[in-house]
Structures are given as structure tokens and as C-alpha cells.
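Below is one structure, written out as C-alpha cells, with a few remarks after it.
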Amino acid sequence: MTRRTTAARRRGLAAVAGGASLALLLAACSDPDGEGGAEPDDMGDDMESSIDCAAYDEFGDLEGTTVNLYTSIVEPEQQTQEDSYDAFEECTGVTVVYEGSREFEAQLLVRIQAGNVPDIAYLPQPGLLNTIVSDYPDAIVAAPDATVANVDEYFSETWKDYGTVDGTFYAAPLGANAKSFVWYSPTMFADAGYEIPQTWTEMMDLTETIAGEQETLPWCAGVESGDATGWPGTDWIEDVVLRTAGPDVYEEWYNHDIPFNDPQIVEAFDTAGEILKNPDYVNAGLGGVDSIATTAWTDAGFPILDGNCWMHRAANFYQTQWPSGTEVGENGDVFAFYLPTDQTDVKPVLGGGEFVGAFDDRPEVQAFQTYLSSADWANEKALATPEGGWVSANTGLDPANLQTEFDQLAAEVLSDEAAVVAFDGSDLMPGEVGAGTFWNGIVDWLTGTSTQDVVDRIENSWP
């Protein structure tokens with residue numbers, strides 16, 4: 001029995017494929033008692049035959065081949081990623097071997113140095129792509145023409161530029177993140193008579209009101225993430241730079257046209273610190289200010305569910321971290337509002353995403369890389385993510401296929417023509433800074449080091 005049949009039977013009902021060229025895939029659940037209905041092997045055959053594989057004709061017959069994938073995407077998001085590959089596997093014959101790791105950023109470079117590269121890696125930082133191309137140019141391969149054609153059709157030039165180094169296009173965008181959100185409990189806000197703040201000043205006024213009226217502190221936060229500890233704090237700083245200094249200064253900052261310790265960046269750190277380093281405001285339900293550095297980012301918003309926290313700043317993908325059964329919606333257990341700004345001329349949105357880099361040019365590897373850049377995969381992934389927490393900048397994605405109210409809101413924010421979407425700055429910085437001294441500096445800052453000492457140290461580490 002092939003893995004493809006196993007994958008199809010594993011879920012009992014097949015994924016519903018989106019996009020213009022991928023047909024609906026439906027199948028009945030197998031009998032848990034093994035009584036009645038089709039025999040298991042027959043059921044697998046029926047499921048395979050129900051797929052319209054026309055969308056995959058371009059890849060040819062790749063039966064018996066394997067593609068090894070390495071990524072930082074782990075549970076609870078891993079399963080929906082794997083599910084989104086099933087139609088590709090069944091129609092092409094390729095087996096995708098998935099390896100997710102919380103130590104991805106540190107271990108990928110180690111593996112490249114050791115010659116133990118994956119076939120495909122999801123690179124969460126364009127800065128990491130630049131590092132690989134600069135330091136290990138023989139390890140990574142340029143994207144094939146078919147992938148380039150998909151990116152030209154379905155993504156903006158800006159997104160293509162993020163996957164390009166020195167004029168060569170390597171890595172197509174995968175998912176997209178909208179990070180400028182604050183999670184809260186609609187019920188708690190309604191019961192207390194609090195309104196969603198529309199400006200940064202209103203949000204700080206609300207924070208002070210909650211601190212004065214409630215026994216529970218206003219904010220909860222956490223930046224622990226294994227070898228990547230600190231990255232959620234960099235998102236805080238980047239969001240605030242966009243709001244206090246503006247998008248132009250933000251671009252100058254991550255390009256190092258101004259130093260990391262520029263006074264405008266110091267101001268942004270200190271503005272974020274009015275929340276994150278204030279014991280009257282954090283860390284609700286989790287500990288003191290220094291507990292932010294040791295609280296797992298995956299769990300940091302959970303005190304909201306117990307009524308022990310009012311607000312938690314986190315990206316759209318935090319939706320996948322809420323415990324099973326949590327209702328996400330305007331009338332649900334939790335929802336989110338746009339992190340507001342006092343600016344009247346721009347509406348900054350901090351964004352991010354992964355990019356698909358290849359370390360081999362075998363036909364099956366190129367086929368998988370191309371599939372991941374297609375509208376077919378984007379719609380398949382949306383429909384394979386019933387709990388939500390995923391969007392893409394792929395213009396071939398039908399928003400109706402996004403499974404939750406919040407995902408549709410996130411997609412709307414990302415595509416809003418009035419918004420200024422700025423890619424995660426630490427992801428655009430050199431890897432040793434953006435995924436190194438900046439991450440470490442956040443931990444030091446949260447545990448007592450002054451803003452000036454932290455930004456000076458990061459500036460001195462810039463290659």
C-alpha cells in the first residue's frame with residue numbers, strides 16, 4: 001500500500017481542493033468497527049480515483065520519489081501543512097517527508113555546513129536567505145522557471161524581491177503573516193464597558209484604566225521560543241518603530257542606512273517599554289516583568305481565557321495556539337483588534353512569511369517547489385486549515401476558502417490598499433543580527449539591561 005493511499009484514508013474524508021484547476025475531493029469515513037461498507041484497500045482506491053489530477057499533469061509521473069522538507073512550522077500547525085500536500089502526493093507519486101523543528105534557524109546552517117541539507121526548506125527570514133546565498137552559494141539552487149512564472153502571476157513584485165538575492169530569484173513566498181494585532185476577550189471588554197481603542201493614545205489610556213480599576217493586570221506577554229527565544233519581542237519593537245518613527249525610517253533601520261542605536265529606535269524601545277517593562281501593566285497571570293523572557297510565546301495569551309489578562313499582542317497565526325475548543329470570533333472566547341496608531345496618514349501593518357528555498361534541482365524537488373507557489377496549493381492549504389490561523393499574499397487565493405472569521409479579517413488587513421505593509425524588520429536584517437543579537441538583546445532588555453546598552457550592543461554586532 002502506498003503512503004498516498006494511507007494519507008487519504010487517515011483522515012477518512014479527503015481534503016477539499018481550491019483554485020480554478022483543482023476539483024473537489026470527497027470521501028466517506030471508514031467504518032471504525034470494520035463492519036460493512038468498502039474494504040479498506042477498496043476505499044483507498046476509491047479515494048485516489050476521486051481526485052481530478054489534471055492540475056498536476058505538468059509535473060509528470062514521479063512515482064516512487066521523495067522530497068525531504070525542513071521547516072520551523074511544528075504542531076499544531078504541522079498537520080495542516082502535511083494535509084495540504086496530499087493531493088500533490090497522490091497525483092504525482094512523490095512522498096513528502098516532513099521535518100519540523102523549533103531549532104530550525106540555528107540547525108539549518110549547521111546542516112548546510114555539514115553537507116546534510118534538506119531538499120526544501122521554508123526560510124522564515126529573507127535575511128537568512130541572504131546569509132545562505134552569501135556564505136554557501138553552492139548549497140542553494142535558483143528557483144525553476146515554472147516557479148518563477150507562478151510568482152510573477154500570483155504575487156506582487158515586492159514579495160518576489162524578498163526571495164531574490166543579487167538579481168537571482170531563489171525562494172517563492174509561502175504563507176503570509178499579519179502581526180499587528182492585539183488579542184482580547186470580547187466578553188471581558190463588554191462586561192467592563194471597554195471599547196476597542198482606535199489610536200495608540202486610546203490604547204494606553206485603556207491600559208491605565210484597567211490597571212486602576214481591575215485586579216488583573218492589563219497585558220500578558222512571552223518571548224521564549226527555544227533557540228529562537230526573543231523573536232516575539234522583536235515584533236513588538238518593529239510594530240512600535242512603524243508607529244513612532246514611520247515606515248520610511250523603519251526601512252532605513254533594517255537596511256542599516258541609520259544605525260540600530262539611532263535615537264528614533266531608542267524612542268521606539270522606550271515606548272514599547274512603557275508596557276513591557278512596567279510592572280503595573282505586565283505580566284498578567286504569569287509573573288513579573290522578567291517572566292516575559294521565560295514564558296513560552298505559545299502560551300503567553302492563555303491567561304485571557306481564565307480572566308487573568310486583558311490584552312496580548314500577537315500575530316494572526318497565534319490563532320492556532322489557542323487550546324482546542326476556543327472560539328475565535330467577535331462574539332467568541334477571544335478575538336483581536338488592529339494594533340492602533342496615532343498616525344493619520346498611514347496604517348502600518350507588520351507582516352512576515354516563509355519562503356521556499358531548494359537545495360537540489362531533482363525533478364521532484366522542482367515540482368514540489370512549483371506546486372507550493374501555485375494558487376492550487378494556496379487554496380488547498382486554506383481548506384486544510386479548519387481551525388484557522390493561516391493566510392497568504394497569493395492573489396489566486398479565494399478569501400472564501402479561509403476557514404475563520406479572523407483569517408478573513410487578516411487577509412483583508414493585508415490586502416487593504418490604505419495599509420502600509422512592512423515586512424518583519426529582523427527577518428530582513430543580516431541573520432547574525434535579526435536572528436542573533438536582536439533576539440538576545442530583547443531577553444537582556446526584558447531582564448533589566450537598559451535600552452541604550454542593548455541597542456549599542458546590537459549596533460556593534462552589525463556585520
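How things are named: the first chain in the C-alpha cells is A, the next is B, and so on; residues count from 1 in each chain; ligands count from 1 in the order shown.
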
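Omitting Ile73 of chain A and its sequence neighbours fewer than 4 positions away, and counting only C-alpha atoms, the residues within 8 Å are Glu77, Gln78, Gly100, Ser101 and Arg102 of chain A.
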
So which bits of segment 157-187 of chain A end up alpha helix (DSSP H) when you DSSP the backbone, as an MDAnalysis selection string? chainID A and resid 157:162 186:187

Contacts between segment 433-442 of chain A and segment 80-171 of chain A, please, where a residue of segment 80-171 of chain A counts if it comes within 9 Å (with only C-alpha atoms); show its shortest atom pair and distance in Å to one decimal, rows by chain and ascending number, as a Markdown table.
| residue | atom | partner | partner_atom | distance |
| --- | --- | --- | --- | --- |
| A:Glu105 | CA | A:Ala435 | CA | 7.7 |
| A:Ala106 | CA | A:Ala435 | CA | 8.9 |
| A:Gln125 | CA | A:Ala435 | CA | 8.6 |
| A:Gly127 | CA | A:Gly434 | CA | 7.5 |
| A:Leu128 | CA | A:Ala435 | CA | 8.3 |

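With only C-alpha atoms taken into account, the protein and nucleic acid residues at most 7 Å from segment 194-205 of chain A (excluding it and anything under 2 positions from it in its own chain) are Phe189, Ala190, Ala192, Thr207, Glu208, Thr209, Pro340, Thr341 and Asp342 of chain A.
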
Emit the selected residues as a short mmCIF file (atom, residue, chain, number, x, y, z; two decimals), in the first residue's frame, including C-alpha atoms.
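File produced: result-v6.cif:
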data_model
loop_
_atom_site.label_atom_id
_atom_site.label_comp_id
_atom_site.auth_asym_id
_atom_site.auth_seq_id
_atom_site.Cartn_x
_atom_site.Cartn_y
_atom_site.Cartn_z
CA PHE A 189 -14.40 44.03 27.41
CA ALA A 190 -18.20 44.10 27.13
CA ALA A 192 -16.35 46.09 31.83
CA THR A 207 -4.25 50.23 29.75
CA GLU A 208 -4.05 52.81 32.55
CA THR A 209 -7.79 52.49 33.21
CA PRO A 340 -3.68 51.08 16.64
CA THR A 341 -1.57 54.11 15.79
CA ASP A 342 -1.79 57.84 16.37
#

What separates atom CA of Leu446 of chain A and atom CA of Pro303 of chain A is a distance of 19.7 Å

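Taking only C-alpha atoms, the non-local environment of Gly288 of chain A within 12 Å (same-chain residues fewer than 4 positions away omitted) comprises Leu217, Trp219, Cys220, Ala221, Gly222, Leu276, Lys277, Asn278, Pro279, Asp280, Tyr281, Val282, Asn283, Ala284, Ile292, Ala293, Thr294, Thr295, Leu446, Thr447 and Gly448 of chain A.
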
Just the strand (DSSP E) stuff from segment 34-154 of chain A, please, per backbone DSSP, written as JSON, numbers by chain. {"A": [66, 67, 68, 69, 70, 71, 95, 96, 97, 98, 99, 100, 120, 121, 122, 123]}

Output for the residues just chosen: C-alpha atoms as a compact mmCIF listing (two decimals), in the first residue's frame:
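Now in again_15.txt:
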# COMPACT_ATOMS: atom_id res chain seq x y z
CA THR A 66 10.87 11.50 -2.16
CA VAL A 67 11.26 15.14 -1.19
CA ASN A 68 12.66 15.97 2.25
CA LEU A 69 11.21 19.16 3.76
CA TYR A 70 12.70 21.02 6.75
CA THR A 71 10.80 23.84 8.46
CA THR A 95 6.31 11.30 -0.97
CA VAL A 96 6.96 14.44 1.07
CA VAL A 97 8.88 13.69 4.26
CA TYR A 98 8.15 16.48 6.72
CA GLU A 99 10.57 17.52 9.46
CA GLY A 100 9.57 20.40 11.72
CA ILE A 120 13.36 22.03 0.54
CA ALA A 121 13.44 24.45 3.48
CA TYR A 122 10.87 27.04 4.50
CA LEU A 123 13.01 30.09 5.24

The residue from A:Tyr318, A:Trp390, A:Trp377, A:Phe59 with the smallest atom-to-atom distance to Ala300 of chain A, counting only C-alpha atoms, is A:Tyr318

Exercise: Phe355 of chain A partners within 9 Å, only C-alpha atoms, chain neighbours under 2 positions left out, as a ChimeraX atom specification:
/A:121-126,129,162-163,170-175,353,357

Same residues, C-alpha atoms, output as a CSV table (one decimal), in the first residue's frame:
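Wrote it out as out_39.csv, contents follow:
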chain,number,residue,atom,x,y,z
A,121,ALA,CA,13.4,24.4,3.5
A,122,TYR,CA,10.9,27.0,4.5
A,123,LEU,CA,13.0,30.1,5.2
A,124,PRO,CA,11.2,32.4,7.7
A,125,GLN,CA,13.6,35.3,7.1
A,126,PRO,CA,14.8,36.9,3.9
A,129,LEU,CA,18.2,33.6,2.6
A,162,TYR,CA,12.1,39.2,-0.7
A,163,GLY,CA,13.1,35.9,-2.3
A,170,TYR,CA,15.6,31.6,-5.2
A,171,ALA,CA,12.6,31.4,-2.9
A,172,ALA,CA,8.9,31.8,-3.6
A,173,PRO,CA,6.6,33.2,-0.8
A,174,LEU,CA,4.5,30.6,1.1
A,175,GLY,CA,2.3,31.9,3.9
A,353,GLY,CA,6.1,35.0,5.9
A,357,GLY,CA,14.2,27.5,-0.8
